[in-house]
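Undergrad: Here it is, the structure in full.
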Amino acid sequence: MIIALNNKCNLTKEKFIEYQEELQKIKTDMTLILCPTNVFIGEINSPTMEVGAQNVSCTECGAYTGEVSSSQLKSMGVKYCIVGHSERRKYQHEKDDEINKKVKLLLNQEITPIICVGEEKEDRENNNQNKVIIKELEEDLKELTEEEKKKVIIAYEPIWAIGTGLTPSNNEIEEIINLIKHYLPNTKVLYGGSANENNIEELKEISSIDGYLLGGLSLKPEKLDIFLKKIKN
Ligand code: 13P
């Protein structure tokens with residue numbers, strides 16, 4: 001089971017250090033991937049955490065002020081990188097062709113992309129969710145070899161479930177996970193969107209889920225610990 005912690009744009013250096021001390025109290029045999037804000041990547045010092053990033057530049061190193069390249073992430077020990085998060089698609093107007101470039105650059109550096117896909121509320125109301133997700137997969141994975149496709153992780157994050165306390169039904173989640181796994185056999189699929197210590201008992205009934213991408217819960221180590229324990233029991 002893979003648990004990716006997306007801290008988003010939260011914490012200051014002092015708070016991040018305290019947070020990490022709390023995280024280290026969690027005992028688990030699951031793969032925990034910590035994706036802090038970029039400026040804290042060098043502060044990760046936990047032997048039990050894999051180092052992740054929340055974004056990468058769609059260019060190599062060069063005159064791109066404010067960007068962080070895949071080779072720079074690699075040099076900081078980053079093993080995983082979230083790409084195409086709906087917040088970046090919305091606020092930074094990130095398009096699938098840029099996401100595709102990012103995926104390729106990450107794979108060149110042997111960093112595992114965690115590619116986020118998911119539908120808007122309106123898409124689901126119009127029963128367009130499958131179409132939206134397949135289109136994102138086609139464009140985000142364009143020109144990848146079959147071998148490369150096996151190396152990515154997909155996170156299904158319905159946009160309307162992020163930070164809202166809403167989640168799709170288990171049947172709805174399962175349908176999308178099966179759709180993704182049919183399109184990409186051998187690929188691990190995570191679920192993200194208001195997953196927490198209260199709904200995990202229900203979510204864990206979905207046997208095809210390979211893990212979770214956690215936003216709000218990632219910032220609450222005590223509740224995260226409960227979440228992880230409930231997955232096991
Ligand atoms: P929440 O867990 O806060 O809904 O966020 C999910 C998410 O966006 C993780 O990338």
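Every chain in the structure tokens has a letter given in the order shown (A, B, ...), and although residue numbers restart at 1 in each chain, ligands are simply numbered from 1 in the order shown.
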What's around region 27-39 of chain A at 10 Å? Count only C-alpha atoms, leave out sequence neighbours fewer than 6 positions away in its own chain, and write the answer as a ChimeraX atom specification.

TA: /A:1-13,16,20,46,48-56,68,73,78-82,211-213,215,218,225,228-229,232

Undergrad: List the neighbours of Ile114 (chain A) out to 9 Å using only C-alpha atoms; skip same-chain residues closer than 6 positions along the sequence, and give me the result as a list in words.

TA: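 With the cut-off at 9 Å, the set is Tyr80, Cys81, Ile82, Val83, Gly84, Val103, Val152, Ile153, Ile154, Ala155 and Leu190 of chain A.
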
Undergrad: For those residues, write all heavy atoms to a file as an mmCIF file, in the first residue's frame.

TA:
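Here's the written file again.cif:
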data_model
loop_
_atom_site.group_PDB
_atom_site.id
_atom_site.type_symbol
_atom_site.label_atom_id
_atom_site.label_comp_id
_atom_site.auth_asym_id
_atom_site.auth_seq_id
_atom_site.Cartn_x
_atom_site.Cartn_y
_atom_site.Cartn_z
ATOM 1 N N TYR A 80 9.671 10.438 -6.084
ATOM 2 C CA TYR A 80 8.310 10.517 -6.630
ATOM 3 C C TYR A 80 7.959 11.989 -6.845
ATOM 4 O O TYR A 80 8.422 12.842 -6.089
ATOM 5 C CB TYR A 80 7.277 9.938 -5.647
ATOM 6 C CG TYR A 80 7.458 8.474 -5.336
ATOM 7 C CD1 TYR A 80 8.375 8.058 -4.364
ATOM 8 C CD2 TYR A 80 6.707 7.498 -5.990
ATOM 9 C CE1 TYR A 80 8.550 6.705 -4.066
ATOM 10 C CE2 TYR A 80 6.872 6.145 -5.698
ATOM 11 C CZ TYR A 80 7.795 5.762 -4.731
ATOM 12 O OH TYR A 80 7.953 4.432 -4.442
ATOM 13 N N CYS A 81 7.112 12.252 -7.832
ATOM 14 C CA CYS A 81 6.660 13.646 -8.017
ATOM 15 C C CYS A 81 5.213 13.663 -8.508
ATOM 16 O O CYS A 81 4.876 12.989 -9.491
ATOM 17 C CB CYS A 81 7.572 14.358 -9.019
ATOM 18 S SG CYS A 81 7.135 16.077 -9.265
ATOM 19 N N ILE A 82 4.383 14.403 -7.797
ATOM 20 C CA ILE A 82 2.987 14.588 -8.217
ATOM 21 C C ILE A 82 2.996 15.464 -9.469
ATOM 22 O O ILE A 82 3.737 16.446 -9.537
ATOM 23 C CB ILE A 82 2.186 15.289 -7.090
ATOM 24 C CG1 ILE A 82 2.184 14.437 -5.814
ATOM 25 C CG2 ILE A 82 0.759 15.608 -7.552
ATOM 26 C CD1 ILE A 82 1.634 15.176 -4.577
ATOM 27 N N VAL A 83 2.204 15.094 -10.456
ATOM 28 C CA VAL A 83 2.057 15.954 -11.640
ATOM 29 C C VAL A 83 0.581 16.044 -12.021
ATOM 30 O O VAL A 83 -0.179 15.089 -11.839
ATOM 31 C CB VAL A 83 2.841 15.466 -12.890
ATOM 32 C CG1 VAL A 83 4.202 16.087 -12.979
ATOM 33 C CG2 VAL A 83 2.921 13.981 -12.985
ATOM 34 N N GLY A 84 0.211 17.208 -12.558
ATOM 35 C CA GLY A 84 -1.154 17.358 -13.052
ATOM 36 C C GLY A 84 -2.191 17.422 -11.959
ATOM 37 O O GLY A 84 -3.366 17.079 -12.181
ATOM 38 N N VAL A 103 6.050 14.466 -17.241
ATOM 39 C CA VAL A 103 6.121 13.013 -17.025
ATOM 40 C C VAL A 103 7.376 12.458 -17.699
ATOM 41 O O VAL A 103 8.133 11.683 -17.101
ATOM 42 C CB VAL A 103 4.842 12.330 -17.566
ATOM 43 C CG1 VAL A 103 4.994 10.820 -17.610
ATOM 44 C CG2 VAL A 103 3.628 12.721 -16.725
ATOM 45 N N VAL A 152 4.670 4.598 -14.143
ATOM 46 C CA VAL A 152 3.953 5.727 -13.532
ATOM 47 C C VAL A 152 2.927 5.217 -12.513
ATOM 48 O O VAL A 152 2.517 4.056 -12.547
ATOM 49 C CB VAL A 152 3.236 6.613 -14.591
ATOM 50 C CG1 VAL A 152 4.188 7.059 -15.680
ATOM 51 C CG2 VAL A 152 2.021 5.902 -15.181
ATOM 52 N N ILE A 153 2.548 6.104 -11.613
ATOM 53 C CA ILE A 153 1.438 5.833 -10.691
ATOM 54 C C ILE A 153 0.331 6.819 -11.069
ATOM 55 O O ILE A 153 0.614 7.977 -11.390
ATOM 56 C CB ILE A 153 1.879 6.067 -9.224
ATOM 57 C CG1 ILE A 153 2.944 5.027 -8.814
ATOM 58 C CG2 ILE A 153 0.690 6.021 -8.267
ATOM 59 C CD1 ILE A 153 3.526 5.262 -7.418
ATOM 60 N N ILE A 154 -0.904 6.344 -11.058
ATOM 61 C CA ILE A 154 -2.034 7.234 -11.338
ATOM 62 C C ILE A 154 -2.791 7.483 -10.027
ATOM 63 O O ILE A 154 -3.019 6.550 -9.255
ATOM 64 C CB ILE A 154 -3.007 6.609 -12.371
ATOM 65 C CG1 ILE A 154 -2.274 6.208 -13.665
ATOM 66 C CG2 ILE A 154 -4.178 7.566 -12.666
ATOM 67 C CD1 ILE A 154 -1.686 7.341 -14.472
ATOM 68 N N ALA A 155 -3.143 8.738 -9.793
ATOM 69 C CA ALA A 155 -3.995 9.059 -8.636
ATOM 70 C C ALA A 155 -5.338 9.524 -9.168
ATOM 71 O O ALA A 155 -5.410 10.518 -9.898
ATOM 72 C CB ALA A 155 -3.358 10.148 -7.783
ATOM 73 N N LEU A 190 -3.928 5.117 -7.080
ATOM 74 C CA LEU A 190 -4.256 5.630 -5.747
ATOM 75 C C LEU A 190 -5.600 6.356 -5.808
ATOM 76 O O LEU A 190 -6.004 6.816 -6.874
ATOM 77 C CB LEU A 190 -3.191 6.638 -5.280
ATOM 78 C CG LEU A 190 -1.716 6.282 -5.468
ATOM 79 C CD1 LEU A 190 -0.831 7.386 -4.874
ATOM 80 C CD2 LEU A 190 -1.377 4.943 -4.835
#

Undergrad: Which residues form the shell of 6 Å around ligand 1 when you count only C-alpha atoms and all ligand atoms, given as a short mmCIF file (atom, residue, chain, number, x, y, z; two decimals) with C-alpha atoms, in the first residue's frame?

TA:
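The result, stored in out-v9.cif:
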data_model
loop_
_atom_site.label_atom_id
_atom_site.label_comp_id
_atom_site.auth_asym_id
_atom_site.auth_seq_id
_atom_site.Cartn_x
_atom_site.Cartn_y
_atom_site.Cartn_z
CA ASN A 6 0.59 16.03 -0.27
CA ILE A 162 -10.86 17.42 -2.82
CA GLY A 163 -11.05 19.20 0.52
CA GLY A 192 -7.44 10.91 -3.31
CA GLY A 193 -10.17 13.33 -2.21
CA SER A 194 -11.36 13.73 1.40
CA ALA A 195 -9.97 10.34 2.45
CA LEU A 213 -3.03 10.49 -1.95
CA LEU A 214 -3.83 12.52 1.14
CA GLY A 215 -4.12 16.30 1.39
CA GLY A 216 -5.72 17.60 4.61
CA LEU A 217 -5.03 14.39 6.54
#

Undergrad: Quote the spacing between CA of Asn198 (chain A) and CA of Cys116 (chain A) in Å to one decimal place.

TA: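 If I compute the distance from CA of Asn198 (chain A) to CA of Cys116 (chain A), I get 23.3 Å.
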
Undergrad: Would you pick out the contacts of Lys150 (chain A) at 8 Å or less, using only C-alpha atoms, so that residues sharing its chain but fewer than 3 positions from it are not included, and give the list as a PyMOL selection string?

TA: chain A and resi 146-147+184-187

Undergrad: Of the candidates A:Glu125, A:Glu148, A:Glu143, A:Glu94, which one gets nearest to Ile111 (chain A) if we count only C-alpha atoms?

TA: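 Residue with the minimum atom-to-atom distance to Ile111 (chain A): A:Glu148.
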
Undergrad: Report the distance between CA of Gly118 (chain A) and CA of Ser169 (chain A) in Å, rounded to one decimal place.

TA: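 If I compute the distance from CA of Gly118 (chain A) to CA of Ser169 (chain A), I get 14.6 Å.
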
Undergrad: For a test of reading the model, state the distance in Å between CA of Asp96 (chain A) and CA of Glu136 (chain A), rounded to one decimal.

TA: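 A separation of 6.8 Å between them.
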
Undergrad: Using only C-alpha atoms, which protein or nucleic acid residues come within 12 Å of Val132 (chain A)? Drop anything in the same chain fewer than 5 positions from it, and give the result as a PyMOL selection string.

TA: chain A and resi 96+117-124+126-127+137-139+156+158-159+176+179-180

Undergrad: Quick one: everything within 9 Å of Ile206 (chain A), counting only C-alpha atoms, minus sequence neighbours fewer than 4 positions away in the same chain. Send it as a list in words.

TA: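 Near neighbours after the sequence-gap exclusion: Asn170, Asn171, Ile173, Glu174 and Glu202 of chain A.
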
Undergrad: Write out, as a tab-separated table (two decimals), in the first residue's frame, the residues just selected, with N, CA and C atoms.

TA:
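Contents of part-v4.tsv, freshly written:
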chain	number	residue	atom	x	y	z
A	170	ASN	N	-18.29	3.79	-3.09
A	170	ASN	CA	-17.27	2.77	-3.39
A	170	ASN	C	-17.43	2.24	-4.81
A	171	ASN	N	-18.68	2.04	-5.24
A	171	ASN	CA	-18.90	1.52	-6.60
A	171	ASN	C	-18.36	2.49	-7.64
A	173	ILE	N	-15.95	4.73	-7.25
A	173	ILE	CA	-14.47	4.74	-7.22
A	173	ILE	C	-13.95	3.48	-7.92
A	174	GLU	N	-14.56	2.35	-7.60
A	174	GLU	CA	-14.11	1.08	-8.16
A	174	GLU	C	-14.22	1.07	-9.69
A	202	GLU	N	-14.67	2.26	5.21
A	202	GLU	CA	-15.50	1.99	4.03
A	202	GLU	C	-14.62	1.93	2.76

Undergrad: Just the alpha helix (DSSP H) stuff from region 76-167 of chain A, please, per backbone DSSP, written as a ChimeraX atom specification.

TA: /A:86-91,96-108,121-125,129-140,146-149

Undergrad: For Lys74 (chain A), which residue out of A:Ser86, A:Asn45, A:Thr59, A:Asn108 is the nearest one, using only C-alpha atoms?

TA: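 When distances to Lys74 (chain A) are compared using only C-alpha atoms, the smallest one comes from A:Asn108.
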
Undergrad: Using only C-alpha atoms, which protein or nucleic acid residues come within 9 Å of Lys101 (chain A)? Drop anything in the same chain fewer than 6 positions from it, and give the result as a ChimeraX atom specification.

TA: /A:57-59,140

Undergrad: Write a file of the just-selected residues containing N, CA, C and O atoms, as a CSV table (one decimal), in the first residue's frame.

TA:
chain,number,residue,atom,x,y,z
A,57,SER,N,9.3,21.4,-13.1
A,57,SER,CA,9.2,22.2,-14.3
A,57,SER,C,9.0,21.4,-15.6
A,57,SER,O,9.5,20.2,-15.6
A,58,CYS,N,8.4,22.0,-16.6
A,58,CYS,CA,8.3,21.2,-17.9
A,58,CYS,C,9.5,21.5,-18.8
A,58,CYS,O,9.5,21.1,-19.9
A,59,THR,N,10.6,22.1,-18.2
A,59,THR,CA,11.8,22.4,-18.9
A,59,THR,C,13.0,21.8,-18.2
A,59,THR,O,12.9,21.5,-17.0
A,140,ASP,N,-1.7,12.8,-21.1
A,140,ASP,CA,-0.6,12.9,-20.2
A,140,ASP,C,0.4,11.8,-20.5
A,140,ASP,O,1.6,12.0,-20.1
